[in-house]
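Colleague: PDB, C-alpha atoms, saved as model_18.pdb, coming up:
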```pdb
ATOM      1  CA  MET A   1     185.775 -25.983 -43.142
ATOM      2  CA  LYS A   2     184.920 -29.606 -43.852
ATOM      3  CA  LEU A   3     186.472 -31.353 -46.834
ATOM      4  CA  ARG A   4     185.197 -34.287 -48.837
ATOM      5  CA  PHE A   5     187.857 -36.278 -50.656
ATOM      6  CA  LEU A   6     187.104 -36.583 -54.389
ATOM      7  CA  GLY A   7     190.276 -38.230 -55.635
ATOM      8  CA  LYS A   8     193.953 -38.058 -56.265
ATOM      9  CA  ASN A   9     196.457 -38.768 -58.984
ATOM     10  CA  SER A  10     199.367 -40.384 -57.217
ATOM     11  CA  THR A  11     202.690 -41.799 -58.025
ATOM     12  CA  PRO A  12     205.150 -42.659 -55.263
ATOM     13  CA  GLY A  13     206.132 -39.378 -53.597
ATOM     14  CA  ASP A  14     203.541 -37.259 -55.433
ATOM     15  CA  SER A  15     199.953 -36.753 -54.416
ATOM     16  CA  PRO A  16     197.909 -34.023 -56.155
ATOM     17  CA  THR A  17     194.460 -34.276 -54.608
ATOM     18  CA  LEU A  18     191.016 -32.774 -55.180
ATOM     19  CA  TYR A  19     188.513 -32.028 -52.411
ATOM     20  CA  ALA A  20     185.049 -30.484 -52.292
ATOM     21  CA  SER A  21     184.425 -28.196 -49.321
ATOM     22  CA  ASP A  22     181.307 -27.261 -47.397
ATOM     23  CA  GLN A  23     181.976 -23.643 -48.467
ATOM     24  CA  ASP A  24     180.912 -24.105 -52.134
ATOM     25  CA  SER A  25     184.540 -24.405 -53.193
ATOM     26  CA  TYR A  26     187.133 -26.917 -54.287
ATOM     27  CA  VAL A  27     190.449 -27.332 -52.538
ATOM     28  CA  ILE A  28     193.180 -28.393 -54.929
ATOM     29  CA  GLN A  29     196.407 -29.830 -53.550
ATOM     30  CA  GLY A  30     199.373 -29.778 -55.883
ATOM     31  CA  TRP A  31     203.097 -29.345 -56.291
ATOM     32  CA  LYS A  32     204.497 -25.948 -55.311
ATOM     33  CA  VAL A  33     205.796 -24.117 -58.370
ATOM     34  CA  PHE A  34     209.352 -22.920 -57.901
ATOM     35  CA  GLY A  35     210.455 -22.760 -61.554
ATOM     36  CA  ASN A  36     211.348 -19.210 -62.507
ATOM     37  CA  ASP A  37     210.398 -19.902 -66.122
ATOM     38  CA  LEU A  38     206.802 -20.509 -65.007
ATOM     39  CA  LEU A  39     206.620 -17.905 -62.246
ATOM     40  CA  MET A  40     207.993 -15.168 -64.528
ATOM     41  CA  GLN A  41     204.921 -15.647 -66.750
ATOM     42  CA  LEU A  42     202.548 -14.855 -63.876
ATOM     43  CA  ASP A  43     201.592 -11.947 -61.678
ATOM     44  CA  VAL A  44     201.055 -13.550 -58.279
ATOM     45  CA  PRO A  45     199.448 -11.180 -55.763
ATOM     46  CA  GLU A  46     200.184 -11.470 -52.053
ATOM     47  CA  GLY A  47     198.068 -14.153 -50.413
ATOM     48  CA  GLN A  48     197.987 -16.270 -53.554
ATOM     49  CA  THR A  49     200.184 -19.160 -54.545
ATOM     50  CA  VAL A  50     200.864 -21.257 -57.624
ATOM     51  CA  ILE A  51     200.518 -25.044 -57.870
ATOM     52  CA  GLU A  52     200.882 -27.631 -60.610
ATOM     53  CA  VAL A  53     198.644 -30.676 -61.048
ATOM     54  CA  PRO A  54     198.016 -33.252 -63.776
ATOM     55  CA  THR A  55     195.013 -32.329 -65.928
ATOM     56  CA  GLU A  56     193.579 -35.776 -65.153
ATOM     57  CA  LEU A  57     193.017 -34.700 -61.538
ATOM     58  CA  PHE A  58     189.837 -32.931 -62.632
ATOM     59  CA  GLU A  59     188.295 -36.243 -63.761
ATOM     60  CA  HIS A  60     187.400 -36.675 -60.083
ATOM     61  CA  LEU A  61     184.847 -33.847 -60.396
ATOM     62  CA  THR A  62     182.331 -36.488 -61.489
ATOM     63  CA  LYS A  63     182.377 -37.711 -57.864
ATOM     64  CA  ASP A  64     180.873 -34.336 -56.928
ATOM     65  CA  GLY A  65     177.881 -34.852 -59.223
ATOM     66  CA  LEU A  66     179.270 -33.178 -62.336
ATOM     67  CA  ASP A  67     178.712 -34.884 -65.693
ATOM     68  CA  THR A  68     182.351 -34.609 -66.703
ATOM     69  CA  GLY A  69     185.759 -33.659 -65.425
ATOM     70  CA  GLU A  70     187.188 -32.888 -68.835
ATOM     71  CA  ILE A  71     188.724 -29.417 -68.947
ATOM     72  CA  LYS A  72     187.553 -27.636 -72.100
ATOM     73  CA  SER A  73     188.341 -24.014 -71.266
ATOM     74  CA  PHE A  74     191.846 -23.279 -70.060
ATOM     75  CA  THR A  75     191.196 -20.004 -68.238
ATOM     76  CA  ALA A  76     191.785 -18.785 -64.678
ATOM     77  CA  PRO A  77     192.393 -20.352 -62.232
ATOM     78  CA  ILE A  78     194.371 -22.402 -64.784
ATOM     79  CA  MET A  79     197.147 -20.061 -65.823
ATOM     80  CA  ILE A  80     199.460 -22.285 -67.901
ATOM     81  CA  VAL A  81     199.201 -25.673 -69.568
ATOM     82  CA  THR A  82     202.593 -27.360 -69.774
ATOM     83  CA  ASP A  83     204.028 -29.631 -72.436
ATOM     84  CA  GLN A  84     204.064 -32.381 -69.784
ATOM     85  CA  GLY A  85     200.245 -32.462 -69.565
ATOM     86  CA  THR A  86     199.973 -30.542 -66.323
ATOM     87  CA  CYS A  87     198.121 -27.366 -65.372
ATOM     88  CA  VAL A  88     199.587 -24.497 -63.407
ATOM     89  CA  LEU A  89     196.878 -22.976 -61.218
ATOM     90  CA  GLN A  90     196.894 -19.778 -59.208
ATOM     91  CA  GLY A  91     194.661 -18.966 -56.283
ATOM     92  CA  PRO A  92     194.358 -18.121 -52.610
ATOM     93  CA  GLU A  93     196.614 -20.317 -50.514
ATOM     94  CA  MET A  94     194.666 -22.413 -48.030
ATOM     95  CA  HIS A  95     195.314 -21.477 -44.387
ATOM     96  CA  ASP A  96     192.190 -22.912 -42.724
ATOM     97  CA  PRO A  97     193.519 -25.083 -39.856
ATOM     98  CA  ASP A  98     190.456 -27.362 -39.849
ATOM     99  CA  ALA A  99     190.819 -28.041 -43.575
ATOM    100  CA  LEU A 100     194.582 -28.539 -43.381
ATOM    101  CA  SER A 101     194.176 -31.010 -40.519
ATOM    102  CA  GLN A 102     192.110 -33.215 -42.843
ATOM    103  CA  MET A 103     194.876 -33.402 -45.451
ATOM    104  CA  ARG A 104     198.152 -35.265 -45.791
ATOM    105  CA  MET A 105     200.490 -32.925 -47.591
ATOM    106  CA  PRO A 106     204.247 -33.299 -48.171
ATOM    107  CA  ASP A 107     206.458 -30.215 -47.729
ATOM    108  CA  TYR A 108     206.807 -29.706 -51.489
ATOM    109  CA  GLU A 109     203.033 -29.392 -51.949
ATOM    110  CA  THR A 110     200.461 -26.791 -50.995
ATOM    111  CA  CYS A 111     196.820 -26.165 -51.771
ATOM    112  CA  ILE A 112     194.527 -23.467 -53.050
ATOM    113  CA  GLU A 113     190.820 -22.872 -52.547
ATOM    114  CA  VAL A 114     188.806 -22.031 -55.645
ATOM    115  CA  PRO A 115     185.065 -21.303 -55.934
ATOM    116  CA  LYS A 116     183.146 -24.195 -57.489
ATOM    117  CA  SER A 117     181.845 -21.813 -60.157
ATOM    118  CA  SER A 118     185.426 -21.115 -61.317
ATOM    119  CA  ILE A 119     186.098 -24.811 -61.751
ATOM    120  CA  THR A 120     182.781 -25.696 -63.383
ATOM    121  CA  ALA A 121     183.381 -22.880 -65.889
ATOM    122  CA  LEU A 122     186.486 -24.782 -67.029
ATOM    123  CA  LEU A 123     184.263 -27.675 -68.114
ATOM    124  CA  GLU A 124     182.429 -25.515 -70.670
ATOM    125  CA  GLU A 125     183.615 -24.715 -74.178
ATOM    126  CA  ASN A 126     185.190 -21.286 -74.344
ATOM    127  CA  SER A 127     184.369 -19.398 -77.520
ATOM    128  CA  GLY A 128     186.772 -16.571 -76.647
ATOM    129  CA  PRO A 129     190.472 -16.350 -77.510
ATOM    130  CA  ASP A 130     192.748 -18.858 -75.869
ATOM    131  CA  HIS A 131     195.355 -16.774 -74.085
ATOM    132  CA  LEU A 132     197.090 -19.693 -72.449
ATOM    133  CA  GLY A 133     199.902 -21.463 -74.149
ATOM    134  CA  PRO A 134     202.188 -24.332 -73.411
ATOM    135  CA  ALA A 135     205.026 -23.577 -71.041
TER     136      ALA A 135
END
```
Take the structure from the file and write it as structure tokens.
Modeller:
Amino acid sequence: MKLRFLGKNSTPGDSPTLYASDQDSYVIQGWKVFGNDLLMQLDVPEGQTVIEVPTELFEHLTKDGLDTGEIKSFTAPIMIVTDQGTCVLQGPEMHDPDALSQMRMPDYETCIEVPKSSITALLEENSGPDHLGPA
């Protein structure tokens, strides 16, 4: 899998990053979620993991040809929106060695791969009930 860097939201020691892949997906690198208060709200199947990223990370979607990166529909893969302005996402943990070799990832971060269609759906207004609440 080949990755194309779209952008990152960094502060010293933190580096959530967004990539587009050649597999019609996005790879999202974020902080591993260890907090029981967050994990207890989720049903995480085997093979999936949970990460946290700033909502502003999705602004980099415009570098992949999208008109906007503003999240308007907080549905899966976004599972929780926190009071700190971050999103908790759940998805398949990335294990592709070629993709991982293209990334610089600290031990306290991991990444998930999400179909582009799942992410672009987040950019559309959702007329259904909002089942996600602040953590």
Colleague: Which residue gives the smallest distance to Cys111 (chain A) among A:Leu57, A:Leu123, A:Ile28, A:Leu18, with all atoms listed in the file counted?
Modeller: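 Comparing A:Leu57, A:Leu123, A:Ile28, A:Leu18 against Cys111 (chain A), the winner is A:Ile28.
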Colleague: For a cut-off of 12 Å around (181.0, -32.2, -59.2), file coordinates, pick out all residues using only C-alpha atoms and list them as a PyMOL selection string.
Modeller: chain A and resi 4-7+18-21+24-26+58-70+116-117+119-121+123
Colleague: Okay, now the selection with C-alpha atoms, as a PDB file, in the coordinates of the input?
Modeller:
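Produced file result-v2.pdb, reproduced below:
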```pdb
ATOM      1  CA  ARG A   4     185.197 -34.287 -48.837  1.00  0.00           C
ATOM      2  CA  PHE A   5     187.857 -36.278 -50.656  1.00  0.00           C
ATOM      3  CA  LEU A   6     187.104 -36.583 -54.389  1.00  0.00           C
ATOM      4  CA  GLY A   7     190.276 -38.230 -55.635  1.00  0.00           C
ATOM      5  CA  LEU A  18     191.016 -32.774 -55.180  1.00  0.00           C
ATOM      6  CA  TYR A  19     188.513 -32.028 -52.411  1.00  0.00           C
ATOM      7  CA  ALA A  20     185.049 -30.484 -52.292  1.00  0.00           C
ATOM      8  CA  SER A  21     184.425 -28.196 -49.321  1.00  0.00           C
ATOM      9  CA  ASP A  24     180.912 -24.105 -52.134  1.00  0.00           C
ATOM     10  CA  SER A  25     184.540 -24.405 -53.193  1.00  0.00           C
ATOM     11  CA  TYR A  26     187.133 -26.917 -54.287  1.00  0.00           C
ATOM     12  CA  PHE A  58     189.837 -32.931 -62.632  1.00  0.00           C
ATOM     13  CA  GLU A  59     188.295 -36.243 -63.761  1.00  0.00           C
ATOM     14  CA  HIS A  60     187.400 -36.675 -60.083  1.00  0.00           C
ATOM     15  CA  LEU A  61     184.847 -33.847 -60.396  1.00  0.00           C
ATOM     16  CA  THR A  62     182.331 -36.488 -61.489  1.00  0.00           C
ATOM     17  CA  LYS A  63     182.377 -37.711 -57.864  1.00  0.00           C
ATOM     18  CA  ASP A  64     180.873 -34.336 -56.928  1.00  0.00           C
ATOM     19  CA  GLY A  65     177.881 -34.852 -59.223  1.00  0.00           C
ATOM     20  CA  LEU A  66     179.270 -33.178 -62.336  1.00  0.00           C
ATOM     21  CA  ASP A  67     178.712 -34.884 -65.693  1.00  0.00           C
ATOM     22  CA  THR A  68     182.351 -34.609 -66.703  1.00  0.00           C
ATOM     23  CA  GLY A  69     185.759 -33.659 -65.425  1.00  0.00           C
ATOM     24  CA  GLU A  70     187.188 -32.888 -68.835  1.00  0.00           C
ATOM     25  CA  LYS A 116     183.146 -24.195 -57.489  1.00  0.00           C
ATOM     26  CA  SER A 117     181.845 -21.813 -60.157  1.00  0.00           C
ATOM     27  CA  ILE A 119     186.098 -24.811 -61.751  1.00  0.00           C
ATOM     28  CA  THR A 120     182.781 -25.696 -63.383  1.00  0.00           C
ATOM     29  CA  ALA A 121     183.381 -22.880 -65.889  1.00  0.00           C
ATOM     30  CA  LEU A 123     184.263 -27.675 -68.114  1.00  0.00           C
TER      31      LEU A 123
END
```
Colleague: For a test of reading the model, state the distance in Å between CA of Gly47 (chain A) and CA of Ile80 (chain A), rounded to one decimal.
Modeller: 19.3 Å
Colleague: Would you compute the distance between CA of Leu39 (chain A) and CA of Val88 (chain A)? Give it in Å to one decimal.
Modeller: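 Computing the Euclidean distance for CA of Leu39 (chain A) and CA of Val88 (chain A) yields 9.7 Å.
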Colleague: What does the distance from CA of Ser10 (chain A) to CA of Thr49 (chain A) come to in Å, to one decimal?
Modeller: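 Interatomic distance here is 21.4 Å.
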Colleague: Name all residues at most 12 Å from Pro45 (chain A) (count all atoms listed in the file; drop same-chain ones fewer than 4 positions away) and give them as a list in words.
Modeller: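 The contact residues come out as Leu39, Thr49, Val50, Gln90, Gly91, Pro92 and Glu93 of chain A.
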Colleague: Spell out the residues picked by the PyMOL selection byres ((chain A and resi 102-104) around 10) here, as a PyMOL selection string.
Modeller: chain A and resi 1-5+15+17+19+29+97-101+105-107+109+111
Colleague: Deliver the residues from the most recent selection as a file, using C-alpha atoms, as a short mmCIF file (atom, residue, chain, number, x, y, z; two decimals), in the frame of the given file.
Modeller:
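Here's the written file result-v7.cif:
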```cif
data_model
loop_
_atom_site.label_atom_id
_atom_site.label_comp_id
_atom_site.auth_asym_id
_atom_site.auth_seq_id
_atom_site.Cartn_x
_atom_site.Cartn_y
_atom_site.Cartn_z
CA MET A 1 185.78 -25.98 -43.14
CA LYS A 2 184.92 -29.61 -43.85
CA LEU A 3 186.47 -31.35 -46.83
CA ARG A 4 185.20 -34.29 -48.84
CA PHE A 5 187.86 -36.28 -50.66
CA SER A 15 199.95 -36.75 -54.42
CA THR A 17 194.46 -34.28 -54.61
CA TYR A 19 188.51 -32.03 -52.41
CA GLN A 29 196.41 -29.83 -53.55
CA PRO A 97 193.52 -25.08 -39.86
CA ASP A 98 190.46 -27.36 -39.85
CA ALA A 99 190.82 -28.04 -43.58
CA LEU A 100 194.58 -28.54 -43.38
CA SER A 101 194.18 -31.01 -40.52
CA MET A 105 200.49 -32.92 -47.59
CA PRO A 106 204.25 -33.30 -48.17
CA ASP A 107 206.46 -30.22 -47.73
CA GLU A 109 203.03 -29.39 -51.95
CA CYS A 111 196.82 -26.16 -51.77
#
```
Colleague: Write out as a compact mmCIF listing (two decimals) with C-alpha atoms, in the frame of the given file each polymer residue whose atoms come within 6 Å of Lys32 (chain A), counting only C-alpha atoms; drop sequence neighbours fewer than 5 positions from it.
Modeller:
```
# COMPACT_ATOMS: atom_id res chain seq x y z
CA ILE A 51 200.52 -25.04 -57.87
CA TYR A 108 206.81 -29.71 -51.49
CA GLU A 109 203.03 -29.39 -51.95
CA THR A 110 200.46 -26.79 -51.00
```
Colleague: Of the residues A:Asp96, A:Asp83, A:Glu56, A:Glu113, which is the one nearest to Lys8 (chain A), using all atoms listed in the file?
Modeller: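 Result for the nearest residue to Lys8 (chain A): A:Glu56.
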Colleague: Around the point (203.5, -25.2, -62.5), in the coordinates given by the file, pick out the residues reaching within 9 Å, counting only C-alpha atoms, and return them as a PDB file with C-alpha atoms, in the frame of the given file.
Modeller:
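The result, stored in selection.pdb:
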```
ATOM      1  CA  TRP A  31     203.097 -29.345 -56.291  1.00  0.00           C
ATOM      2  CA  LYS A  32     204.497 -25.948 -55.311  1.00  0.00           C
ATOM      3  CA  VAL A  33     205.796 -24.117 -58.370  1.00  0.00           C
ATOM      4  CA  PHE A  34     209.352 -22.920 -57.901  1.00  0.00           C
ATOM      5  CA  GLY A  35     210.455 -22.760 -61.554  1.00  0.00           C
ATOM      6  CA  LEU A  38     206.802 -20.509 -65.007  1.00  0.00           C
ATOM      7  CA  LEU A  39     206.620 -17.905 -62.246  1.00  0.00           C
ATOM      8  CA  VAL A  50     200.864 -21.257 -57.624  1.00  0.00           C
ATOM      9  CA  ILE A  51     200.518 -25.044 -57.870  1.00  0.00           C
ATOM     10  CA  GLU A  52     200.882 -27.631 -60.610  1.00  0.00           C
ATOM     11  CA  VAL A  53     198.644 -30.676 -61.048  1.00  0.00           C
ATOM     12  CA  MET A  79     197.147 -20.061 -65.823  1.00  0.00           C
ATOM     13  CA  ILE A  80     199.460 -22.285 -67.901  1.00  0.00           C
ATOM     14  CA  VAL A  81     199.201 -25.673 -69.568  1.00  0.00           C
ATOM     15  CA  THR A  82     202.593 -27.360 -69.774  1.00  0.00           C
ATOM     16  CA  THR A  86     199.973 -30.542 -66.323  1.00  0.00           C
ATOM     17  CA  CYS A  87     198.121 -27.366 -65.372  1.00  0.00           C
ATOM     18  CA  VAL A  88     199.587 -24.497 -63.407  1.00  0.00           C
ATOM     19  CA  LEU A  89     196.878 -22.976 -61.218  1.00  0.00           C
ATOM     20  CA  ALA A 135     205.026 -23.577 -71.041  1.00  0.00           C
TER      21      ALA A 135
END
```
Colleague: Nearest to Val44 (chain A) among A:His95, A:Gln23, A:Pro77, A:Gly30, with distances taken over all atoms listed in the file: which residue is it?
Modeller: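 Selected residue with least distance to Val44 (chain A): A:Pro77.
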